Number of protein chains: 2
Amino acid sequence: MSELDRTIHEPARLRILTILSGVDVSDFNFLFSTLGLTKGNLSSHMDKLEKAGYVEVRKSFNGRVPHTEFVITDAGRTALSDYWREIDAIRSLHGKGGD
Amino acid sequence: MSELDRTIHEPARLRILTILSGVDVSDFNFLFSTLGLTKGNLSSHMDKLEKAGYVEVRKSFNGRVPHTEFVITDAGRTALSDYWREIDAIRSLHGKGGD
DNA sequence: TCCCCAAGGGTGTGTTACAACCGCTCGTGG
DNA sequence: CCACGAGCGGTTGTAACACACCCTTGGGGA
């Protein structure tokens with residue numbers, strides 16, 4: 001009965017990871033405006049994802065303006081697809097006998 | 001950006017509701033042994049599901065032995081399928097542009 | 001030139017919510 | 001009288017989210 005990965009299960013992070021799994025790279029502002037989180041909140045979610053090893057954070061400079069980009073890691077991809085597998089497993093609990 | 005129903009999103013309750021959606025009726029002991037939760041924990045989850053109107057609790061007596069059964073309500077079924085719809089929506093965020 | 005403000009990208013704090021566990025209870029059957 | 005079914009209540013710990021604030025840079029106006 002492997003438990004769902006709580007790092008991923010949180011809706012905000014699930015959205016983030018799923019988005020990242022579909023693009024090569026995404027920047028702070030895109031996620032910020034897409035997700036409707038506060039910057040602080042987004043920042044701490046990204047922090048958590050980075051600490052879990054699911055995303056790589058790339059800080060660059062556009063001239064002198066800091067620019068933060070995020071890339072999903074292999075571990076992140078793996079964890080995400082495991083997560084979806086788990087979700088599907090739960091979904092298919094529908095139909096078990098139990099009376 | 002409708003938010004996921006947190007009542008359902010909790011893994012234990014997601015499993016419970018999904019199981020209930022596939023059987024006519026399920027009793028306390030079945031869920032207890034299936035899910036591997038403590039009784040107190042299971043009880044409080046069921047309480048939350050009942051308060052949300054997602055399950056109906058049927059307390060009967062087998063002779064004099066209390067027997068508790070749970071049935072998913074229409075509201076529960078609706079909320080659950082909405083939930084799966086939402087999950088699918090998130091899942092399909094995969095593929096949005098954002099560079 | 002100086003001033004001020006906005007925007008990018010955060011940090012730190014506090015509140016609120018809630019999951020999970022434990023111990024207790026209360027009734028019943030053996 | 002002991003165990004079991006079923007559940008309640010309290011506690012603990014953690015986490016999300018908001019909010020307020022910070023620092024830096026770029027740009028506009030007087």
# chains A, B, ... in the order shown; residues from 1 in each chain; ligands from 1
call {"tool": "residues_around", "arguments": {"residues": "DC21 in chain D", "least_positions_apart": "6", "cutoff": "12 Å", "atoms": "only C-alpha atoms (C1' of nucleotides)", "output": "ChimeraX atom specification"}}
result
/A:40 /C:10-13
call {"tool": "closest_atom_pairs", "arguments": {"of": "chain A", "to": "chain B", "cutoff": "9 Å", "atoms": "only C-alpha atoms", "output": "CSV"}}
result
residue,atom,partner,partner_atom,distance
A:Met1,CA,B:Leu35,CA,8.2
A:Glu3,CA,B:Pro11,CA,8.1
A:Leu4,CA,B:Pro11,CA,7.2
A:His9,CA,B:His9,CA,8.5
A:Glu10,CA,B:His9,CA,8.9
A:Pro11,CA,B:Leu4,CA,7.2
A:Leu14,CA,B:Ile90,CA,7.8
A:Arg15,CA,B:Ile90,CA,6.0
A:Leu17,CA,B:His94,CA,8.9
A:Thr18,CA,B:His94,CA,5.4
A:Ile19,CA,B:His94,CA,5.2
A:Leu20,CA,B:His94,CA,7.6
A:Ser21,CA,B:His94,CA,6.3
A:Gly22,CA,B:His94,CA,4.6
A:Val23,CA,B:Gly97,CA,6.5
A:Asp24,CA,B:Asp99,CA,7.6
A:Val25,CA,B:Asp99,CA,6.0
A:Ser26,CA,B:Asp99,CA,5.2
A:Asp27,CA,B:Asp99,CA,6.9
A:Phe30,CA,B:Gly98,CA,6.3
A:Leu31,CA,B:Gly98,CA,8.2
A:Leu35,CA,B:Met1,CA,8.2
A:Gly36,CA,B:Met1,CA,8.7
A:Trp84,CA,B:Arg91,CA,8.5
A:Ile90,CA,B:Arg15,CA,6.0
A:Arg91,CA,B:Thr18,CA,6.5
A:Ser92,CA,B:Thr18,CA,8.0
A:Leu93,CA,B:Ile19,CA,5.6
A:His94,CA,B:Gly22,CA,4.6
A:Gly95,CA,B:Gly22,CA,4.6
A:Lys96,CA,B:Gly22,CA,6.6
A:Gly97,CA,B:Val23,CA,6.5
A:Gly98,CA,B:Ser26,CA,5.8
A:Asp99,CA,B:Ser26,CA,5.3
call {"tool": "closest_atom_pairs", "arguments": {"of": "chain B", "to": "chain D", "cutoff": "10 Å", "atoms": "only C-alpha atoms (C1' of nucleotides)", "output": "tab-separated table"}}
result
residue	atom	partner	partner_atom	distance
B:Phe28	CA	D:DA6	C1'	8.4
B:Asn29	CA	D:DG5	C1'	8.9
B:Lys39	CA	D:DA6	C1'	7.8
B:Gly40	CA	D:DG7	C1'	6.7
B:Asn41	CA	D:DG7	C1'	9.8
B:Leu42	CA	D:DG7	C1'	9.7
B:Ser43	CA	D:DG7	C1'	6.6
B:Ser44	CA	D:DG7	C1'	8.8
B:Val65	CA	D:DG5	C1'	7.7
B:Pro66	CA	D:DG5	C1'	7.1
B:His67	CA	D:DG5	C1'	8.1
B:Thr68	CA	D:DA6	C1'	8.1
call {"tool": "interface_residues", "arguments": {"of": "chain C", "to": "chain B", "cutoff": "10 Å", "atoms": "only C-alpha atoms (C1' of nucleotides)", "output": "list in words"}}
result
DA19, DA20, DC21, DC22, DG27, DT28 and DG29 of chain C
call {"tool": "write_last_selection", "arguments": {"atoms": "all heavy atoms", "output": "short mmCIF file (atom, residue, chain, number, x, y, z; two decimals), in the first residue's frame"}}
result
data_model
loop_
_atom_site.label_atom_id
_atom_site.label_comp_id
_atom_site.auth_asym_id
_atom_site.auth_seq_id
_atom_site.Cartn_x
_atom_site.Cartn_y
_atom_site.Cartn_z
P DA C 19 -7.08 15.82 7.38
OP1 DA C 19 -7.32 16.24 5.99
OP2 DA C 19 -8.20 15.37 8.22
"O5'" DA C 19 -5.96 14.69 7.34
"C5'" DA C 19 -4.68 15.03 6.84
"C4'" DA C 19 -3.59 14.34 7.64
"O4'" DA C 19 -3.35 15.05 8.87
"C3'" DA C 19 -3.91 12.91 8.03
"O3'" DA C 19 -2.72 12.15 7.89
"C2'" DA C 19 -4.31 13.01 9.50
"C1'" DA C 19 -3.44 14.15 9.97
N9 DA C 19 -3.99 14.94 11.07
C8 DA C 19 -5.27 15.43 11.18
N7 DA C 19 -5.47 16.13 12.28
C5 DA C 19 -4.24 16.12 12.91
C6 DA C 19 -3.78 16.69 14.11
N6 DA C 19 -4.56 17.41 14.91
N1 DA C 19 -2.50 16.49 14.46
C2 DA C 19 -1.72 15.76 13.64
N3 DA C 19 -2.03 15.17 12.49
C4 DA C 19 -3.32 15.39 12.18
P DA C 20 -2.77 10.57 7.65
OP1 DA C 20 -1.82 10.28 6.57
OP2 DA C 20 -4.18 10.15 7.56
"O5'" DA C 20 -2.15 10.02 9.00
"C5'" DA C 20 -0.93 10.59 9.46
"C4'" DA C 20 -0.78 10.30 10.92
"O4'" DA C 20 -1.49 11.30 11.68
"C3'" DA C 20 -1.36 8.95 11.35
"O3'" DA C 20 -0.32 8.15 11.87
"C2'" DA C 20 -2.42 9.31 12.39
"C1'" DA C 20 -1.99 10.69 12.84
N9 DA C 20 -3.08 11.51 13.34
C8 DA C 20 -4.33 11.64 12.81
N7 DA C 20 -5.12 12.44 13.48
C5 DA C 20 -4.33 12.87 14.53
C6 DA C 20 -4.57 13.75 15.60
N6 DA C 20 -5.74 14.36 15.80
N1 DA C 20 -3.57 13.96 16.47
C2 DA C 20 -2.40 13.35 16.28
N3 DA C 20 -2.04 12.51 15.31
C4 DA C 20 -3.06 12.31 14.46
P DC C 21 -0.50 6.67 12.27
OP1 DC C 21 0.71 5.95 11.83
OP2 DC C 21 -1.84 6.20 11.86
"O5'" DC C 21 -0.45 6.79 13.86
"C5'" DC C 21 0.58 7.61 14.44
"C4'" DC C 21 0.27 7.87 15.89
"O4'" DC C 21 -0.79 8.86 16.00
"C3'" DC C 21 -0.23 6.64 16.65
"O3'" DC C 21 0.62 6.41 17.76
"C2'" DC C 21 -1.64 7.01 17.09
"C1'" DC C 21 -1.60 8.52 17.10
N1 DC C 21 -2.94 9.15 16.91
C2 DC C 21 -3.34 10.16 17.79
O2 DC C 21 -2.59 10.52 18.70
N3 DC C 21 -4.57 10.73 17.63
C4 DC C 21 -5.35 10.32 16.63
N4 DC C 21 -6.54 10.91 16.51
C5 DC C 21 -4.96 9.30 15.73
C6 DC C 21 -3.75 8.75 15.90
P DC C 22 0.54 5.00 18.56
OP1 DC C 22 1.91 4.51 18.76
OP2 DC C 22 -0.49 4.14 17.95
"O5'" DC C 22 -0.02 5.50 19.97
"C5'" DC C 22 0.42 6.76 20.49
"C4'" DC C 22 -0.43 7.12 21.68
"O4'" DC C 22 -1.59 7.84 21.23
"C3'" DC C 22 -0.93 5.91 22.46
"O3'" DC C 22 -0.65 6.07 23.84
"C2'" DC C 22 -2.43 5.88 22.20
"C1'" DC C 22 -2.76 7.32 21.84
N1 DC C 22 -3.87 7.45 20.86
C2 DC C 22 -4.87 8.40 21.09
O2 DC C 22 -4.81 9.11 22.09
N3 DC C 22 -5.88 8.52 20.19
C4 DC C 22 -5.91 7.73 19.11
N4 DC C 22 -6.92 7.88 18.25
C5 DC C 22 -4.91 6.75 18.87
C6 DC C 22 -3.91 6.64 19.76
P DG C 27 -22.81 1.96 28.74
OP1 DG C 27 -24.02 2.77 28.91
OP2 DG C 27 -22.09 1.40 29.92
"O5'" DG C 27 -23.15 0.76 27.76
"C5'" DG C 27 -23.41 1.04 26.38
"C4'" DG C 27 -23.19 -0.21 25.56
"O4'" DG C 27 -21.77 -0.48 25.48
"C3'" DG C 27 -23.83 -1.47 26.18
"O3'" DG C 27 -24.61 -2.11 25.18
"C2'" DG C 27 -22.65 -2.34 26.60
"C1'" DG C 27 -21.53 -1.86 25.70
N9 DG C 27 -20.21 -1.97 26.31
C8 DG C 27 -19.81 -1.46 27.53
N7 DG C 27 -18.56 -1.72 27.80
C5 DG C 27 -18.10 -2.43 26.69
C6 DG C 27 -16.83 -2.98 26.42
O6 DG C 27 -15.81 -2.93 27.13
N1 DG C 27 -16.79 -3.62 25.19
C2 DG C 27 -17.86 -3.72 24.32
N2 DG C 27 -17.65 -4.37 23.18
N3 DG C 27 -19.06 -3.21 24.57
C4 DG C 27 -19.11 -2.59 25.77
P DT C 28 -25.63 -3.20 25.58
OP1 DT C 28 -26.81 -3.08 24.72
OP2 DT C 28 -25.75 -3.24 27.04
"O5'" DT C 28 -24.79 -4.48 25.11
"C5'" DT C 28 -24.48 -4.63 23.73
"C4'" DT C 28 -23.54 -5.79 23.54
"O4'" DT C 28 -22.27 -5.52 24.17
"C3'" DT C 28 -24.06 -7.11 24.12
"O3'" DT C 28 -24.06 -8.06 23.07
"C2'" DT C 28 -23.03 -7.46 25.21
"C1'" DT C 28 -21.79 -6.73 24.71
N1 DT C 28 -20.79 -6.35 25.77
C2 DT C 28 -19.48 -6.74 25.59
O2 DT C 28 -19.10 -7.38 24.64
N3 DT C 28 -18.62 -6.35 26.59
C4 DT C 28 -18.94 -5.62 27.73
O4 DT C 28 -18.07 -5.32 28.54
C5 DT C 28 -20.33 -5.25 27.85
C7 DT C 28 -20.78 -4.46 29.03
C6 DT C 28 -21.19 -5.62 26.88
P DG C 29 -24.93 -9.36 23.20
OP1 DG C 29 -25.81 -9.42 22.02
OP2 DG C 29 -25.48 -9.46 24.56
"O5'" DG C 29 -23.79 -10.47 23.03
"C5'" DG C 29 -22.71 -10.18 22.13
"C4'" DG C 29 -21.64 -11.24 22.26
"O4'" DG C 29 -20.64 -10.82 23.24
"C3'" DG C 29 -22.13 -12.61 22.72
"O3'" DG C 29 -21.43 -13.61 21.98
"C2'" DG C 29 -21.80 -12.64 24.21
"C1'" DG C 29 -20.58 -11.73 24.32
N9 DG C 29 -20.53 -10.94 25.54
C8 DG C 29 -21.58 -10.32 26.19
N7 DG C 29 -21.23 -9.66 27.25
C5 DG C 29 -19.84 -9.85 27.33
C6 DG C 29 -18.91 -9.36 28.27
O6 DG C 29 -19.11 -8.65 29.26
N1 DG C 29 -17.61 -9.79 27.98
C2 DG C 29 -17.27 -10.58 26.91
N2 DG C 29 -15.99 -10.89 26.79
N3 DG C 29 -18.14 -11.03 26.01
C4 DG C 29 -19.41 -10.63 26.28
#
call {"tool": "atom_distance", "arguments": {"atom1": "C1' of DC4 in chain C", "atom2": "CA of Asn62 in chain A"}}
result
23.7 Å
call {"tool": "select_by_dssp", "arguments": {"residues": "chain B", "states": "strand (DSSP E or B)", "output": "JSON, numbers by chain"}}
result
{"B": [26, 27, 55, 56, 57, 58, 59, 60, 61, 62, 65, 66, 67, 68, 69, 70, 71, 72]}
call {"tool": "write_last_selection", "arguments": {"atoms": "C-alpha atoms", "output": "PDB file, in the first residue's frame"}}
result
ATOM      1  CA  SER B  26     -19.080  -1.242   3.133  1.00  0.00           C
ATOM      2  CA  ASP B  27     -18.621  -1.763   6.829  1.00  0.00           C
ATOM      3  CA  VAL B  55     -21.270   9.364   2.871  1.00  0.00           C
ATOM      4  CA  GLU B  56     -24.211   8.155   4.831  1.00  0.00           C
ATOM      5  CA  VAL B  57     -23.490   6.296   8.037  1.00  0.00           C
ATOM      6  CA  ARG B  58     -25.750   3.437   8.904  1.00  0.00           C
ATOM      7  CA  LYS B  59     -25.541   2.166  12.409  1.00  0.00           C
ATOM      8  CA  SER B  60     -27.280  -1.098  12.905  1.00  0.00           C
ATOM      9  CA  PHE B  61     -27.123  -3.939  15.367  1.00  0.00           C
ATOM     10  CA  ASN B  62     -26.290  -7.489  14.528  1.00  0.00           C
ATOM     11  CA  VAL B  65     -23.329  -6.075  18.328  1.00  0.00           C
ATOM     12  CA  PRO B  66     -22.991  -2.636  16.871  1.00  0.00           C
ATOM     13  CA  HIS B  67     -22.295  -2.670  13.210  1.00  0.00           C
ATOM     14  CA  THR B  68     -21.442   0.425  11.237  1.00  0.00           C
ATOM     15  CA  GLU B  69     -21.860   0.620   7.507  1.00  0.00           C
ATOM     16  CA  PHE B  70     -21.119   3.354   5.049  1.00  0.00           C
ATOM     17  CA  VAL B  71     -22.800   4.251   1.825  1.00  0.00           C
ATOM     18  CA  ILE B  72     -21.682   6.906  -0.604  1.00  0.00           C
TER      19      ILE B  72
END
call {"tool": "select_by_dssp", "arguments": {"residues": "chain A", "states": "helix (DSSP H, G or I)", "output": "PyMOL selection string"}}
result
chain A and resi 6-9+11-20+28-35+39-51+74-91
call {"tool": "closest_residue", "arguments": {"among": "A:Ser33, A:Glu86, A:Thr7, A:Ser81", "to": "Asp47 in chain A", "atoms": "only C-alpha atoms"}}
result
A:Thr7
call {"tool": "atom_distance", "arguments": {"atom1": "CA of Asp82 in chain B", "atom2": "CA of Arg77 in chain A"}}
result
26.1 Å
call {"tool": "residues_around", "arguments": {"residues": "Gly76 in chain B", "least_positions_apart": "2", "cutoff": "7 Å", "atoms": "only C-alpha atoms (C1' of nucleotides)", "output": "ChimeraX atom specification"}}
result
/B:53-55,72-74,78-80
call {"tool": "atom_distance", "arguments": {"atom1": "CA of Lys51 in chain B", "atom2": "CA of Asp5 in chain B"}}
result
14.0 Å
